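The structure under discussion appears below in the form of structure tokens.
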Amino acid sequence: MSQLKVYNSLTRTKEVFQSITPGRIGMYVCGPTVSGESHLGHARPFITFDIVYRYLMHLGYKVRYVRNITDAGHFEEEGREAEDKISKKAVLEKLQPMELVQKYTNLFHWAMHQFNNLDPAIEPTATGHIIEQIVMIEKIIVDGYAYVSNGSVYFDVEKYNTDFSKLGQPYGILSGRVLDDMLETTRELDNQEEKRNKADFALWKNAPPEHIMRWQSPWGEGFPGWHIECSAMSAKYLGSEFDIHGGGMDLQFPHHECEIAQSTVCNHIMPARYWLHNNMITINGKKMGKSYNNVIKLTELFSGNSPVLEQAYSPMVIRFFILQTHYRSTLDFSNEALQASERGLKRLWEAYNNLSKYEARGTKYEVADDVELDKKVNALLDEFDDFMNDDFSTAKVLANMFELVPVINGIKDKHISPTALSSKTIEALQAKMKTYLEDIFGLKDEQETNDNKLDGVLQLLINIRKDARAKKDYLTSDKIRNELANIGIQLKDEKDGNMSYSVA
RNA sequence: GGUCCUGUGGCCGAGUGGCUAGGCAGAGCUCUGCAAAAGCUCCCACAGCGGUUCGAAUCCGCUCGGGACCUCCA
């Protein structure tokens with residue numbers, strides 16, 4: 001089998017993945033800021049890295065997946081009046097800050113479960129790691145890479161760049177930026193007088209009196225800077241050097257760049273080996289984001305309750321939609337695209353259901369009757385692993401699955417002889433589809449029809465309809481079918497006279 | 001302004017220089033009491049203009065368009 005290769009933003013190449021500790025992987029993914037409701041754009045990294053997580057485990061690794069909750073509230077750092085987002089909104093909604101944070105944390109967890117994302121192994125909060133952050137900042141000051149100014153602490157980017165360029169790790173290594181260029185082109189911003197240099201970033205901010213969220217520190221009351229929490233928490237739970245650091249592309253600069261600088265000063269090593277970044281979800285070609293005022297919240301998406309939505313889209317449809325493209329490509333949202341995903345997923349899932357219901361054959365077929373087809377099926381299945389190993393090409397795996405759909409349905413409908421494929425191939429097909437669809441892609445049946453009573457009722461109706469049809473009483477048979485269709489249950493006449501149903 | 005990405009058929013999207021991904025939609029057919037579902041077949045696109053090459057969607061150049069980051073952002 002091929003080796004796993006991942007695209008490393010740090011080297012801008014696809015590299016063979018090798019874990020630091022054999023058999024084990026440490027993965028850190030930047031989690032949500034729980035000052036508001038999650039939107040479709042947020043869903044992408046968490047679904048993307050859920051699949052990475054699942055696939056790494058599928059490969060046999062023991063993975064410690066750490067994803068933080070940012071609940072300390074970032075400030076609008078430069079150019080605007082310093083304000084803690086969370087404390088400001090708390091005043092508006094007349095809630096305690098921690099109450100607000102809890103509310104959105106719960107909502108976030110709810111959404112993650114809707115998407116069938118596995119829980120991370122550790123989900124540390126920024127507020128729970130203030131001490132660790134302070135300790136880290138102190139260390140950076142002692143080492144001479146940060147300075148205190150008016151109760152705040154700033155990281156000295158220029159000094160870092162000068163010293164670490166010599167070690168082959170200049171500031172900007174991750175995002176491909178050159179500090180000198182940035183100094184020339186960065187816009188003039190207000191409130192910069194505390195900083196020695198405009199590229200410097202805050203490690204700790206002095207809290208103005210109106211801030212509700214504040215902590216004691218050696219530099220007075222304040223709150224941690226934007227980037228330090230991830231550095232502190234990743235080092236605490238994964239060590240100074242860990243395997244994978246993930247997040248959205250918009251975090252590459254400055255967030256991850258700053259993490260690298262801080263962590264390297266503290267721990268004398270580049271924190272992560274592989275930096276993975278997912279691309280953005282766009283809407284009408286524009287990034288979905290707060291700044292653009294074009295977000296679709298997840299609750300709106302699931303309920304269809306938004307002017308831009310023609311209908312509700314279920315969590316699995318969104319998951320499938322995201323899987324249909326490579327994680328490093330932008331993905332454009334539209335009703336048409338989501339509806340196409342909905343239909344495509346339905347067809348794929350029904351084929352998968354048919355496949356799992358294949359009746360066991362009495363005898364084993366060692367040799368396939370249709371050698372060509374047997375070969376083709378095995379080739380398509382084998383490629384699943386190759387595609388995933390090639391930087392998680394879920395889109396290609398799905399394409400292969402769709403090529404298998406006609407084979408699966410053909411056998412079920414008996415267009416294709418049940419002995420066309422060898423027993424071994426059938427078993428491989430069943431096992432691999434299950435592994436990939438359920439275990440790795442994390443898709444699941446959304447129909448809540450595994451209810452014995454409902455099934456019993458439907459079987460009764462099906463039997464009545466069968467009798468009616470046998471008597472050519474099409475008035476009755478059509479009535480049953482049409483009225484069930486009206487309430488969203490579709491009856492399908494099968495070729496062999498049987499009937500099946502699906503709930504929309 | 002700086003850095004970078006990108007432009008694929010009606011729509012969404014894979015694409016490592018040669019072997020026409022896939023999905024959705026559309027057309028025809030098969031099956032069927034009818035319908036749906038399913039199956040089969042069709043629909044050979046790569047922004048434009050040059051160049052490299054035996055051969056380019058894929059490499060290079062230019063032009064035009066779109067976007068991201070540089071500021072909170074997944």
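Ordering of the structure tokens sets the chain letters (A, B, ...); residue numbers start at 1 within each chain; ligands are numbered from 1 in the order shown.
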Q: Would you mind writing down, as a PyMOL selection string, each residue of segment 169-324 of chain A that DSSP on the backbone assigns to alpha helix (DSSP H)?
A: chain A and resi 179-185+228-238+257-267+298-303+315-323
Q: Compile the residues of chain B that lie within 12 Å of chain A, evaluated using only C-alpha atoms (C1' of nucleotides), and express the compilation as JSON, numbers by chain.
A: {"B": [1, 2, 3, 4, 5, 6, 7, 10, 11, 12, 13, 14, 15, 16, 21, 22, 23, 24, 25, 30, 31, 32, 33, 34, 35, 36, 37, 38, 39, 40, 66, 67, 68, 69, 70, 71, 72, 73, 74]}
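Pairwise distance (atom CA of Leu458 of chain A, atom CA of Met499 of chain A) equals 10.3 Å.
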Q. Mind pulling up the distance from atom CA of Phe384 of chain A to atom CA of Ser422 of chain A?
A. 19.7 Å
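Relative to atom C1' of C43 of chain B, atom C1' of U20 of chain B is found at 12.7 Å.
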So that I can see what lies close to segment 431-444 of chain A, please list as a PDB file with all heavy atoms, in the first residue's frame the residues with an atom at most 8 Å from it, counting only C-alpha atoms (C1' of nucleotides) and leaving out residues fewer than 4 positions away in the same chain.
```pdb
ATOM      1  N   ILE A  51     -12.014  13.979   9.601  1.00  0.00           N
ATOM      2  CA  ILE A  51     -11.696  12.912   8.652  1.00  0.00           C
ATOM      3  C   ILE A  51     -10.215  12.561   8.722  1.00  0.00           C
ATOM      4  O   ILE A  51      -9.851  11.386   8.662  1.00  0.00           O
ATOM      5  CB  ILE A  51     -12.166  13.331   7.253  1.00  0.00           C
ATOM      6  CG1 ILE A  51     -13.657  13.315   7.338  1.00  0.00           C
ATOM      7  CG2 ILE A  51     -11.616  12.388   6.178  1.00  0.00           C
ATOM      8  CD1 ILE A  51     -14.551  13.615   6.399  1.00  0.00           C
ATOM      9  N   ARG A  54      -9.978  10.473  11.839  1.00  0.00           N
ATOM     10  CA  ARG A  54     -10.512   9.133  11.615  1.00  0.00           C
ATOM     11  C   ARG A  54      -9.580   8.316  10.727  1.00  0.00           C
ATOM     12  O   ARG A  54      -9.371   7.120  10.968  1.00  0.00           O
ATOM     13  CB  ARG A  54     -11.898   9.219  10.952  1.00  0.00           C
ATOM     14  CG  ARG A  54     -13.009   9.701  11.879  1.00  0.00           C
ATOM     15  CD  ARG A  54     -14.232  10.095  11.051  1.00  0.00           C
ATOM     16  NE  ARG A  54     -15.379  10.492  11.850  1.00  0.00           N
ATOM     17  CZ  ARG A  54     -16.321   9.653  12.290  1.00  0.00           C
ATOM     18  NH1 ARG A  54     -16.243   8.367  12.016  1.00  0.00           N
ATOM     19  NH2 ARG A  54     -17.340  10.098  12.987  1.00  0.00           N
ATOM     20  N   TYR A  55      -9.042   8.961   9.715  1.00  0.00           N
ATOM     21  CA  TYR A  55      -8.178   8.200   8.803  1.00  0.00           C
ATOM     22  C   TYR A  55      -6.879   7.779   9.482  1.00  0.00           C
ATOM     23  O   TYR A  55      -6.411   6.652   9.292  1.00  0.00           O
ATOM     24  CB  TYR A  55      -7.883   9.004   7.529  1.00  0.00           C
ATOM     25  CG  TYR A  55      -7.165   8.158   6.491  1.00  0.00           C
ATOM     26  CD1 TYR A  55      -7.805   7.060   5.924  1.00  0.00           C
ATOM     27  CD2 TYR A  55      -5.862   8.422   6.101  1.00  0.00           C
ATOM     28  CE1 TYR A  55      -7.167   6.247   5.004  1.00  0.00           C
ATOM     29  CE2 TYR A  55      -5.205   7.622   5.182  1.00  0.00           C
ATOM     30  CZ  TYR A  55      -5.866   6.538   4.633  1.00  0.00           C
ATOM     31  OH  TYR A  55      -5.222   5.728   3.723  1.00  0.00           O
ATOM     32  N   HIS A  58      -7.638   4.928  11.462  1.00  0.00           N
ATOM     33  CA  HIS A  58      -7.841   3.782  10.560  1.00  0.00           C
ATOM     34  C   HIS A  58      -6.495   3.167  10.168  1.00  0.00           C
ATOM     35  O   HIS A  58      -6.378   1.949  10.029  1.00  0.00           O
ATOM     36  CB  HIS A  58      -8.605   4.248   9.320  1.00  0.00           C
ATOM     37  CG  HIS A  58      -8.595   3.260   8.193  1.00  0.00           C
ATOM     38  ND1 HIS A  58      -9.369   2.116   8.200  1.00  0.00           N
ATOM     39  CD2 HIS A  58      -7.890   3.236   7.031  1.00  0.00           C
ATOM     40  CE1 HIS A  58      -9.143   1.442   7.080  1.00  0.00           C
ATOM     41  NE2 HIS A  58      -8.263   2.083   6.362  1.00  0.00           N
ATOM     42  N   ASN A 116     -21.671  14.461  13.182  1.00  0.00           N
ATOM     43  CA  ASN A 116     -21.069  13.164  13.494  1.00  0.00           C
ATOM     44  C   ASN A 116     -19.542  13.259  13.598  1.00  0.00           C
ATOM     45  O   ASN A 116     -18.824  12.314  13.272  1.00  0.00           O
ATOM     46  CB  ASN A 116     -21.474  12.115  12.443  1.00  0.00           C
ATOM     47  CG  ASN A 116     -21.366  10.698  12.977  1.00  0.00           C
ATOM     48  OD1 ASN A 116     -21.450  10.481  14.183  1.00  0.00           O
ATOM     49  ND2 ASN A 116     -21.181   9.743  12.090  1.00  0.00           N
ATOM     50  N   ASN A 117     -19.070  14.422  14.024  1.00  0.00           N
ATOM     51  CA  ASN A 117     -17.637  14.561  14.281  1.00  0.00           C
ATOM     52  C   ASN A 117     -17.308  13.892  15.609  1.00  0.00           C
ATOM     53  O   ASN A 117     -18.049  14.043  16.580  1.00  0.00           O
ATOM     54  CB  ASN A 117     -17.244  16.044  14.395  1.00  0.00           C
ATOM     55  CG  ASN A 117     -17.173  16.726  13.055  1.00  0.00           C
ATOM     56  OD1 ASN A 117     -17.048  16.069  12.016  1.00  0.00           O
ATOM     57  ND2 ASN A 117     -17.248  18.042  13.056  1.00  0.00           N
ATOM     58  N   MET A 316     -25.596  15.642   7.276  1.00  0.00           N
ATOM     59  CA  MET A 316     -24.869  14.684   6.438  1.00  0.00           C
ATOM     60  C   MET A 316     -24.714  15.187   5.006  1.00  0.00           C
ATOM     61  O   MET A 316     -23.721  14.899   4.352  1.00  0.00           O
ATOM     62  CB  MET A 316     -25.577  13.322   6.432  1.00  0.00           C
ATOM     63  CG  MET A 316     -25.398  12.538   7.707  1.00  0.00           C
ATOM     64  SD  MET A 316     -23.676  12.313   8.206  1.00  0.00           S
ATOM     65  CE  MET A 316     -23.618  13.273   9.698  1.00  0.00           C
ATOM     66  N   ARG A 319     -21.844  17.512   5.197  1.00  0.00           N
ATOM     67  CA  ARG A 319     -20.625  16.733   5.338  1.00  0.00           C
ATOM     68  C   ARG A 319     -20.203  16.146   3.988  1.00  0.00           C
ATOM     69  O   ARG A 319     -19.044  16.240   3.589  1.00  0.00           O
ATOM     70  CB  ARG A 319     -20.855  15.609   6.368  1.00  0.00           C
ATOM     71  CG  ARG A 319     -19.592  14.957   6.840  1.00  0.00           C
ATOM     72  CD  ARG A 319     -19.874  13.960   7.961  1.00  0.00           C
ATOM     73  NE  ARG A 319     -18.642  13.283   8.280  1.00  0.00           N
ATOM     74  CZ  ARG A 319     -17.862  13.563   9.323  1.00  0.00           C
ATOM     75  NH1 ARG A 319     -18.211  14.497  10.174  1.00  0.00           N
ATOM     76  NH2 ARG A 319     -16.743  12.929   9.508  1.00  0.00           N
ATOM     77  N   PHE A 320     -21.171  15.589   3.302  1.00  0.00           N
ATOM     78  CA  PHE A 320     -20.916  15.001   1.987  1.00  0.00           C
ATOM     79  C   PHE A 320     -20.466  16.078   0.989  1.00  0.00           C
ATOM     80  O   PHE A 320     -19.520  15.881   0.227  1.00  0.00           O
ATOM     81  CB  PHE A 320     -22.190  14.311   1.496  1.00  0.00           C
ATOM     82  CG  PHE A 320     -22.086  13.701   0.141  1.00  0.00           C
ATOM     83  CD1 PHE A 320     -21.459  12.479  -0.040  1.00  0.00           C
ATOM     84  CD2 PHE A 320     -22.626  14.338  -0.970  1.00  0.00           C
ATOM     85  CE1 PHE A 320     -21.361  11.905  -1.301  1.00  0.00           C
ATOM     86  CE2 PHE A 320     -22.529  13.775  -2.231  1.00  0.00           C
ATOM     87  CZ  PHE A 320     -21.898  12.554  -2.399  1.00  0.00           C
ATOM     88  N   LEU A 323     -16.969  16.806   1.590  1.00  0.00           N
ATOM     89  CA  LEU A 323     -16.108  15.693   1.174  1.00  0.00           C
ATOM     90  C   LEU A 323     -15.913  15.627  -0.332  1.00  0.00           C
ATOM     91  O   LEU A 323     -14.969  15.024  -0.813  1.00  0.00           O
ATOM     92  CB  LEU A 323     -16.727  14.369   1.630  1.00  0.00           C
ATOM     93  CG  LEU A 323     -16.613  14.027   3.104  1.00  0.00           C
ATOM     94  CD1 LEU A 323     -17.516  12.854   3.440  1.00  0.00           C
ATOM     95  CD2 LEU A 323     -15.178  13.673   3.431  1.00  0.00           C
ATOM     96  N   TYR A 352     -25.511   1.771  -0.931  1.00  0.00           N
ATOM     97  CA  TYR A 352     -24.781   1.187   0.199  1.00  0.00           C
ATOM     98  C   TYR A 352     -25.713   0.310   1.044  1.00  0.00           C
ATOM     99  O   TYR A 352     -25.328  -0.789   1.469  1.00  0.00           O
ATOM    100  CB  TYR A 352     -24.179   2.317   1.035  1.00  0.00           C
ATOM    101  CG  TYR A 352     -23.569   1.873   2.340  1.00  0.00           C
ATOM    102  CD1 TYR A 352     -22.547   0.911   2.355  1.00  0.00           C
ATOM    103  CD2 TYR A 352     -24.013   2.390   3.542  1.00  0.00           C
ATOM    104  CE1 TYR A 352     -21.994   0.493   3.554  1.00  0.00           C
ATOM    105  CE2 TYR A 352     -23.460   1.980   4.740  1.00  0.00           C
ATOM    106  CZ  TYR A 352     -22.450   1.031   4.741  1.00  0.00           C
ATOM    107  OH  TYR A 352     -21.909   0.613   5.926  1.00  0.00           O
ATOM    108  N   LEU A 381     -11.664  -0.389  -5.562  1.00  0.00           N
ATOM    109  CA  LEU A 381     -11.567  -0.460  -4.103  1.00  0.00           C
ATOM    110  C   LEU A 381     -10.147  -0.191  -3.628  1.00  0.00           C
ATOM    111  O   LEU A 381      -9.934   0.515  -2.634  1.00  0.00           O
ATOM    112  CB  LEU A 381     -12.026  -1.837  -3.610  1.00  0.00           C
ATOM    113  CG  LEU A 381     -13.516  -2.158  -3.734  1.00  0.00           C
ATOM    114  CD1 LEU A 381     -13.781  -3.596  -3.311  1.00  0.00           C
ATOM    115  CD2 LEU A 381     -14.359  -1.205  -2.909  1.00  0.00           C
ATOM    116  N   MET A 401     -16.553   5.451  -5.596  1.00  0.00           N
ATOM    117  CA  MET A 401     -17.765   4.864  -5.024  1.00  0.00           C
ATOM    118  C   MET A 401     -18.926   4.983  -6.000  1.00  0.00           C
ATOM    119  O   MET A 401     -19.717   4.058  -6.156  1.00  0.00           O
ATOM    120  CB  MET A 401     -18.119   5.555  -3.713  1.00  0.00           C
ATOM    121  CG  MET A 401     -17.200   5.171  -2.569  1.00  0.00           C
ATOM    122  SD  MET A 401     -17.747   5.968  -1.049  1.00  0.00           S
ATOM    123  CE  MET A 401     -16.583   5.259   0.115  1.00  0.00           C
ATOM    124  N   GLU A 427     -17.325  -9.569  -0.566  1.00  0.00           N
ATOM    125  CA  GLU A 427     -17.030  -9.295   0.838  1.00  0.00           C
ATOM    126  C   GLU A 427     -16.136  -8.058   0.982  1.00  0.00           C
ATOM    127  O   GLU A 427     -16.343  -7.225   1.868  1.00  0.00           O
ATOM    128  CB  GLU A 427     -16.352 -10.512   1.488  1.00  0.00           C
ATOM    129  CG  GLU A 427     -17.356 -11.601   1.854  1.00  0.00           C
ATOM    130  CD  GLU A 427     -16.712 -12.968   2.023  1.00  0.00           C
ATOM    131  OE1 GLU A 427     -15.479 -13.026   2.241  1.00  0.00           O
ATOM    132  OE2 GLU A 427     -17.439 -13.975   1.920  1.00  0.00           O
TER     133      GLU A 427
END
```
Q: Determine which residues of segment 60-250 of chain A DSSP labels as strand (DSSP E or B) from the backbone of this structure, then write them out as a VMD selection string.
A: chain A and resid 62 to 67 69 to 70 75 84 122 125 146 to 149 152 to 155 201 to 206 215 222 to 224 242 to 248
**Q.** Proximity to Val66 of chain A - best of A:Ala202, A:Ile137, A:Met98, A:Leu238, only C-alpha atoms
**A.** A:Leu238
